[in-house]
Amino acid sequence: MFTGQFGVASLIFREIPFSRCAYVLVRSALPGRMEAFLDECRGFCRAAGAARSLASAESPLPLPHAYDVLELRCRRQTLQPPEPPVALLPVTPERAAEYRACYNELFRQVPNAAGCTAAGLEALLARGEQACLALVGAQIAGIAQWTDGTLRAVGVLPAFRGLGGPLVRTVCSRMTAAEVTLEVASTNGPALALYRRLGFGADRLCSSWYVLDGPTGR
């Protein structure tokens, strides 16, 4: 939590080693001092080593818009499992390094994606979330991460393009919830197109993000 001269924000630096990006959640700012407070936050993000920083607040910010995070929903029964299903290999301590490497390769440039660290993966599994490597034959083709009713992450390596739909349907067939939800950035065109084809809709705006510092494109 950062308390500056002109406001209060949560500064998230844990993604800097992963994507060199910092995130700022503005909690409050003094009347008429939002731009001055954003300047304070910008300076702290730069000092922490961020090459790019993004900011979000309950109201629109006086910054270039980067993307929105959308929640999509789909009735699980409409996501019929493929034949054959994609082979999923649960992550074990012996496979954890392979999973992290594959995940980080896939998501390093994905908007709003978090990096996968050893401690983070251990905590995820301790919470009862599922994490698996997707296999085609004996080759690692991608990853999947989910809880019952929530798709956390799905990624397919470039050599296995076309596997995304079957992988999503395979994962959802392992759930028991009546509805599946997921979050995706509005600028992640390939993922949005995939989920639309599978029947995901009923969009809900979760948050809007603005470019506080660094390149406006990603």
# chains A, B, ... in the order shown; residues from 1 in each chain; ligands from 1
>>> closest_atom_pairs(of="stretch 104-209 of chain A", to="stretch 12-31 of chain A", cutoff="10 Å", atoms="only C-alpha atoms", output="JSON lines")
{"residue": "A:Asn104", "atom": "CA", "partner": "A:Phe18", "partner_atom": "CA", "distance": 7.8}
{"residue": "A:Phe107", "atom": "CA", "partner": "A:Ser19", "partner_atom": "CA", "distance": 9.2}
{"residue": "A:Arg108", "atom": "CA", "partner": "A:Ser19", "partner_atom": "CA", "distance": 5.8}
{"residue": "A:Gln109", "atom": "CA", "partner": "A:Ser19", "partner_atom": "CA", "distance": 7.1}
{"residue": "A:Val110", "atom": "CA", "partner": "A:Ser19", "partner_atom": "CA", "distance": 9.3}
{"residue": "A:Pro111", "atom": "CA", "partner": "A:Ser19", "partner_atom": "CA", "distance": 9.8}
{"residue": "A:Asn112", "atom": "CA", "partner": "A:Tyr23", "partner_atom": "CA", "distance": 9.1}
{"residue": "A:Ala113", "atom": "CA", "partner": "A:Glu15", "partner_atom": "CA", "distance": 8.9}
{"residue": "A:Ala114", "atom": "CA", "partner": "A:Glu15", "partner_atom": "CA", "distance": 6.5}
{"residue": "A:Gly115", "atom": "CA", "partner": "A:Phe18", "partner_atom": "CA", "distance": 5.5}
{"residue": "A:Cys116", "atom": "CA", "partner": "A:Phe18", "partner_atom": "CA", "distance": 8.3}
{"residue": "A:Thr117", "atom": "CA", "partner": "A:Phe18", "partner_atom": "CA", "distance": 9.1}
{"residue": "A:Trp209", "atom": "CA", "partner": "A:Tyr23", "partner_atom": "CA", "distance": 9.1}
>>> closest_atom_pairs(of="stretch 37-126 of chain A", to="stretch 182-196 of chain A", cutoff="9 Å", atoms="only C-alpha atoms", output="JSON lines")
{"residue": "A:Ala66", "atom": "CA", "partner": "A:Thr187", "partner_atom": "CA", "distance": 8.2}
{"residue": "A:Tyr67", "atom": "CA", "partner": "A:Ser186", "partner_atom": "CA", "distance": 5.6}
{"residue": "A:Asp68", "atom": "CA", "partner": "A:Ser186", "partner_atom": "CA", "distance": 5.2}
{"residue": "A:Val69", "atom": "CA", "partner": "A:Ala185", "partner_atom": "CA", "distance": 4.5}
{"residue": "A:Leu70", "atom": "CA", "partner": "A:Val184", "partner_atom": "CA", "distance": 5.4}
{"residue": "A:Glu71", "atom": "CA", "partner": "A:Glu183", "partner_atom": "CA", "distance": 4.5}
{"residue": "A:Leu72", "atom": "CA", "partner": "A:Leu182", "partner_atom": "CA", "distance": 5.5}
{"residue": "A:Arg73", "atom": "CA", "partner": "A:Leu182", "partner_atom": "CA", "distance": 6.7}
{"residue": "A:Val110", "atom": "CA", "partner": "A:Asn188", "partner_atom": "CA", "distance": 7.2}
{"residue": "A:Pro111", "atom": "CA", "partner": "A:Ala185", "partner_atom": "CA", "distance": 6.2}
{"residue": "A:Asn112", "atom": "CA", "partner": "A:Ala185", "partner_atom": "CA", "distance": 6.9}
>>> atom_distance(atom1="atom CA of A:Leu212", atom2="atom CA of A:Ala47")
14.0 Å
>>> residues_around(residues="A:Cys172", least_positions_apart="4", cutoff="7 Å", atoms="only C-alpha atoms", output="list in words")
Arg76, Leu79 and Val168 of chain A
>>> write_last_selection(atoms="all heavy atoms", output="PDB file, in the first residue's frame")
ATOM      1  N   ARG A  76     -21.838 -25.094 -18.775  1.00  0.00           N
ATOM      2  CA  ARG A  76     -20.870 -26.178 -18.951  1.00  0.00           C
ATOM      3  C   ARG A  76     -21.398 -27.272 -19.870  1.00  0.00           C
ATOM      4  O   ARG A  76     -20.635 -27.889 -20.627  1.00  0.00           O
ATOM      5  CB  ARG A  76     -20.483 -26.772 -17.592  1.00  0.00           C
ATOM      6  CG  ARG A  76     -19.330 -27.776 -17.663  1.00  0.00           C
ATOM      7  CD  ARG A  76     -18.970 -28.296 -16.291  1.00  0.00           C
ATOM      8  NE  ARG A  76     -20.092 -28.966 -15.652  1.00  0.00           N
ATOM      9  CZ  ARG A  76     -20.435 -30.235 -15.882  1.00  0.00           C
ATOM     10  NH1 ARG A  76     -19.736 -30.977 -16.731  1.00  0.00           N
ATOM     11  NH2 ARG A  76     -21.452 -30.776 -15.248  1.00  0.00           N
ATOM     12  N   LEU A  79     -20.408 -27.294 -23.501  1.00  0.00           N
ATOM     13  CA  LEU A  79     -19.008 -27.549 -23.839  1.00  0.00           C
ATOM     14  C   LEU A  79     -18.752 -29.053 -23.826  1.00  0.00           C
ATOM     15  O   LEU A  79     -18.180 -29.609 -22.887  1.00  0.00           O
ATOM     16  CB  LEU A  79     -18.093 -26.833 -22.840  1.00  0.00           C
ATOM     17  CG  LEU A  79     -18.223 -25.312 -22.806  1.00  0.00           C
ATOM     18  CD1 LEU A  79     -17.548 -24.747 -21.568  1.00  0.00           C
ATOM     19  CD2 LEU A  79     -17.630 -24.698 -24.061  1.00  0.00           C
ATOM     20  N   VAL A 168      -9.812 -26.606 -23.886  1.00  0.00           N
ATOM     21  CA  VAL A 168     -10.829 -25.969 -23.039  1.00  0.00           C
ATOM     22  C   VAL A 168     -11.965 -26.946 -22.762  1.00  0.00           C
ATOM     23  O   VAL A 168     -12.426 -27.089 -21.616  1.00  0.00           O
ATOM     24  CB  VAL A 168     -11.361 -24.690 -23.693  1.00  0.00           C
ATOM     25  CG1 VAL A 168     -12.572 -24.161 -22.924  1.00  0.00           C
ATOM     26  CG2 VAL A 168     -10.280 -23.616 -23.747  1.00  0.00           C
TER      27      VAL A 168
END
>>> select_by_dssp(residues="stretch 116-176 of chain A", states="strand (DSSP E or B)", output="list in words")
Gln130, Ala131, Cys132, Leu133, Ala134, Leu135, Val136, Gln139, Ile140, Ala141, Gly142, Ile143, Ala144, Gln145, Trp146, Thr147, Thr150, Leu151, Arg152, Ala153, Val154, Gly155 and Val156 of chain A
>>> write_last_selection(atoms="N, CA, C and O atoms", output="PDB file, in the first residue's frame")
ATOM      1  N   GLN A 130      -6.341 -26.867  -9.799  1.00  0.00           N
ATOM      2  CA  GLN A 130      -5.779 -27.880 -10.668  1.00  0.00           C
ATOM      3  C   GLN A 130      -4.813 -27.235 -11.648  1.00  0.00           C
ATOM      4  O   GLN A 130      -5.090 -26.177 -12.212  1.00  0.00           O
ATOM      5  N   ALA A 131      -3.676 -27.871 -11.873  1.00  0.00           N
ATOM      6  CA  ALA A 131      -2.703 -27.417 -12.856  1.00  0.00           C
ATOM      7  C   ALA A 131      -2.174 -28.642 -13.584  1.00  0.00           C
ATOM      8  O   ALA A 131      -1.732 -29.605 -12.946  1.00  0.00           O
ATOM      9  N   CYS A 132      -2.248 -28.612 -14.912  1.00  0.00           N
ATOM     10  CA  CYS A 132      -1.842 -29.767 -15.712  1.00  0.00           C
ATOM     11  C   CYS A 132      -1.059 -29.334 -16.941  1.00  0.00           C
ATOM     12  O   CYS A 132      -1.261 -28.239 -17.475  1.00  0.00           O
ATOM     13  N   LEU A 133      -0.186 -30.206 -17.371  1.00  0.00           N
ATOM     14  CA  LEU A 133       0.440 -30.081 -18.680  1.00  0.00           C
ATOM     15  C   LEU A 133      -0.452 -30.781 -19.690  1.00  0.00           C
ATOM     16  O   LEU A 133      -0.968 -31.874 -19.431  1.00  0.00           O
ATOM     17  N   ALA A 134      -0.656 -30.167 -20.846  1.00  0.00           N
ATOM     18  CA  ALA A 134      -1.403 -30.795 -21.937  1.00  0.00           C
ATOM     19  C   ALA A 134      -0.407 -31.515 -22.837  1.00  0.00           C
ATOM     20  O   ALA A 134       0.633 -30.953 -23.201  1.00  0.00           O
ATOM     21  N   LEU A 135      -0.709 -32.742 -23.194  1.00  0.00           N
ATOM     22  CA  LEU A 135       0.208 -33.564 -23.973  1.00  0.00           C
ATOM     23  C   LEU A 135      -0.401 -33.932 -25.324  1.00  0.00           C
ATOM     24  O   LEU A 135      -1.602 -34.180 -25.440  1.00  0.00           O
ATOM     25  N   VAL A 136       0.448 -33.987 -26.325  1.00  0.00           N
ATOM     26  CA  VAL A 136       0.119 -34.598 -27.616  1.00  0.00           C
ATOM     27  C   VAL A 136       1.168 -35.685 -27.827  1.00  0.00           C
ATOM     28  O   VAL A 136       2.346 -35.372 -28.056  1.00  0.00           O
ATOM     29  N   GLN A 139       4.727 -35.276 -26.163  1.00  0.00           N
ATOM     30  CA  GLN A 139       5.200 -33.900 -26.199  1.00  0.00           C
ATOM     31  C   GLN A 139       4.307 -32.976 -25.375  1.00  0.00           C
ATOM     32  O   GLN A 139       3.076 -33.095 -25.408  1.00  0.00           O
ATOM     33  N   ILE A 140       4.944 -32.044 -24.672  1.00  0.00           N
ATOM     34  CA  ILE A 140       4.195 -31.009 -23.960  1.00  0.00           C
ATOM     35  C   ILE A 140       3.660 -30.017 -24.987  1.00  0.00           C
ATOM     36  O   ILE A 140       4.419 -29.429 -25.763  1.00  0.00           O
ATOM     37  N   ALA A 141       2.340 -29.833 -25.001  1.00  0.00           N
ATOM     38  CA  ALA A 141       1.691 -28.971 -25.992  1.00  0.00           C
ATOM     39  C   ALA A 141       1.144 -27.689 -25.383  1.00  0.00           C
ATOM     40  O   ALA A 141       0.826 -26.739 -26.104  1.00  0.00           O
ATOM     41  N   GLY A 142       0.982 -27.649 -24.057  1.00  0.00           N
ATOM     42  CA  GLY A 142       0.422 -26.464 -23.425  1.00  0.00           C
ATOM     43  C   GLY A 142       0.149 -26.722 -21.958  1.00  0.00           C
ATOM     44  O   GLY A 142       0.631 -27.709 -21.377  1.00  0.00           O
ATOM     45  N   ILE A 143      -0.626 -25.824 -21.364  1.00  0.00           N
ATOM     46  CA  ILE A 143      -0.948 -25.941 -19.939  1.00  0.00           C
ATOM     47  C   ILE A 143      -2.420 -25.607 -19.719  1.00  0.00           C
ATOM     48  O   ILE A 143      -3.069 -24.965 -20.554  1.00  0.00           O
ATOM     49  N   ALA A 144      -2.925 -26.038 -18.577  1.00  0.00           N
ATOM     50  CA  ALA A 144      -4.278 -25.669 -18.154  1.00  0.00           C
ATOM     51  C   ALA A 144      -4.291 -25.535 -16.643  1.00  0.00           C
ATOM     52  O   ALA A 144      -3.612 -26.288 -15.928  1.00  0.00           O
ATOM     53  N   GLN A 145      -5.074 -24.572 -16.161  1.00  0.00           N
ATOM     54  CA  GLN A 145      -5.173 -24.294 -14.726  1.00  0.00           C
ATOM     55  C   GLN A 145      -6.628 -23.938 -14.439  1.00  0.00           C
ATOM     56  O   GLN A 145      -7.213 -23.109 -15.132  1.00  0.00           O
ATOM     57  N   TRP A 146      -7.231 -24.568 -13.429  1.00  0.00           N
ATOM     58  CA  TRP A 146      -8.640 -24.320 -13.183  1.00  0.00           C
ATOM     59  C   TRP A 146      -9.059 -24.712 -11.769  1.00  0.00           C
ATOM     60  O   TRP A 146      -8.343 -25.434 -11.063  1.00  0.00           O
ATOM     61  N   THR A 147     -10.206 -24.204 -11.368  1.00  0.00           N
ATOM     62  CA  THR A 147     -10.942 -24.688 -10.212  1.00  0.00           C
ATOM     63  C   THR A 147     -12.310 -25.109 -10.736  1.00  0.00           C
ATOM     64  O   THR A 147     -12.639 -24.860 -11.894  1.00  0.00           O
ATOM     65  N   THR A 150     -14.309 -22.424 -12.724  1.00  0.00           N
ATOM     66  CA  THR A 150     -13.515 -21.267 -13.136  1.00  0.00           C
ATOM     67  C   THR A 150     -12.298 -21.727 -13.917  1.00  0.00           C
ATOM     68  O   THR A 150     -11.475 -22.498 -13.405  1.00  0.00           O
ATOM     69  N   LEU A 151     -12.184 -21.253 -15.139  1.00  0.00           N
ATOM     70  CA  LEU A 151     -11.017 -21.533 -15.976  1.00  0.00           C
ATOM     71  C   LEU A 151      -9.990 -20.435 -15.721  1.00  0.00           C
ATOM     72  O   LEU A 151     -10.204 -19.273 -16.071  1.00  0.00           O
ATOM     73  N   ARG A 152      -8.883 -20.785 -15.073  1.00  0.00           N
ATOM     74  CA  ARG A 152      -7.872 -19.790 -14.689  1.00  0.00           C
ATOM     75  C   ARG A 152      -6.919 -19.468 -15.833  1.00  0.00           C
ATOM     76  O   ARG A 152      -6.562 -18.311 -16.036  1.00  0.00           O
ATOM     77  N   ALA A 153      -6.477 -20.483 -16.545  1.00  0.00           N
ATOM     78  CA  ALA A 153      -5.523 -20.263 -17.634  1.00  0.00           C
ATOM     79  C   ALA A 153      -5.518 -21.468 -18.564  1.00  0.00           C
ATOM     80  O   ALA A 153      -5.556 -22.612 -18.108  1.00  0.00           O
ATOM     81  N   VAL A 154      -5.458 -21.178 -19.849  1.00  0.00           N
ATOM     82  CA  VAL A 154      -5.271 -22.208 -20.877  1.00  0.00           C
ATOM     83  C   VAL A 154      -4.315 -21.640 -21.901  1.00  0.00           C
ATOM     84  O   VAL A 154      -4.486 -20.503 -22.369  1.00  0.00           O
ATOM     85  N   GLY A 155      -3.286 -22.390 -22.244  1.00  0.00           N
ATOM     86  CA  GLY A 155      -2.331 -21.932 -23.241  1.00  0.00           C
ATOM     87  C   GLY A 155      -1.811 -23.091 -24.060  1.00  0.00           C
ATOM     88  O   GLY A 155      -1.620 -24.198 -23.545  1.00  0.00           O
ATOM     89  N   VAL A 156      -1.579 -22.841 -25.347  1.00  0.00           N
ATOM     90  CA  VAL A 156      -1.094 -23.869 -26.271  1.00  0.00           C
ATOM     91  C   VAL A 156       0.150 -23.339 -26.971  1.00  0.00           C
ATOM     92  O   VAL A 156       0.158 -22.198 -27.463  1.00  0.00           O
TER      93      VAL A 156
END
>>> select_by_dssp(residues="chain A", states="helix (DSSP H, G or I)", output="ChimeraX atom specification")
/A:16-19,34-47,76-78,96-107,118-126,158-160,164-173,189-198
>>> closest_residue(among="A:Cys102, A:Ala50, A:Leu38, A:Ala138", to="A:Pro158", atoms="only C-alpha atoms")
A:Cys102
>>> closest_residue(among="A:Ala178, A:Met34, A:Cys74, A:Ala51", to="A:Phe200", atoms="only C-alpha atoms")
A:Cys74
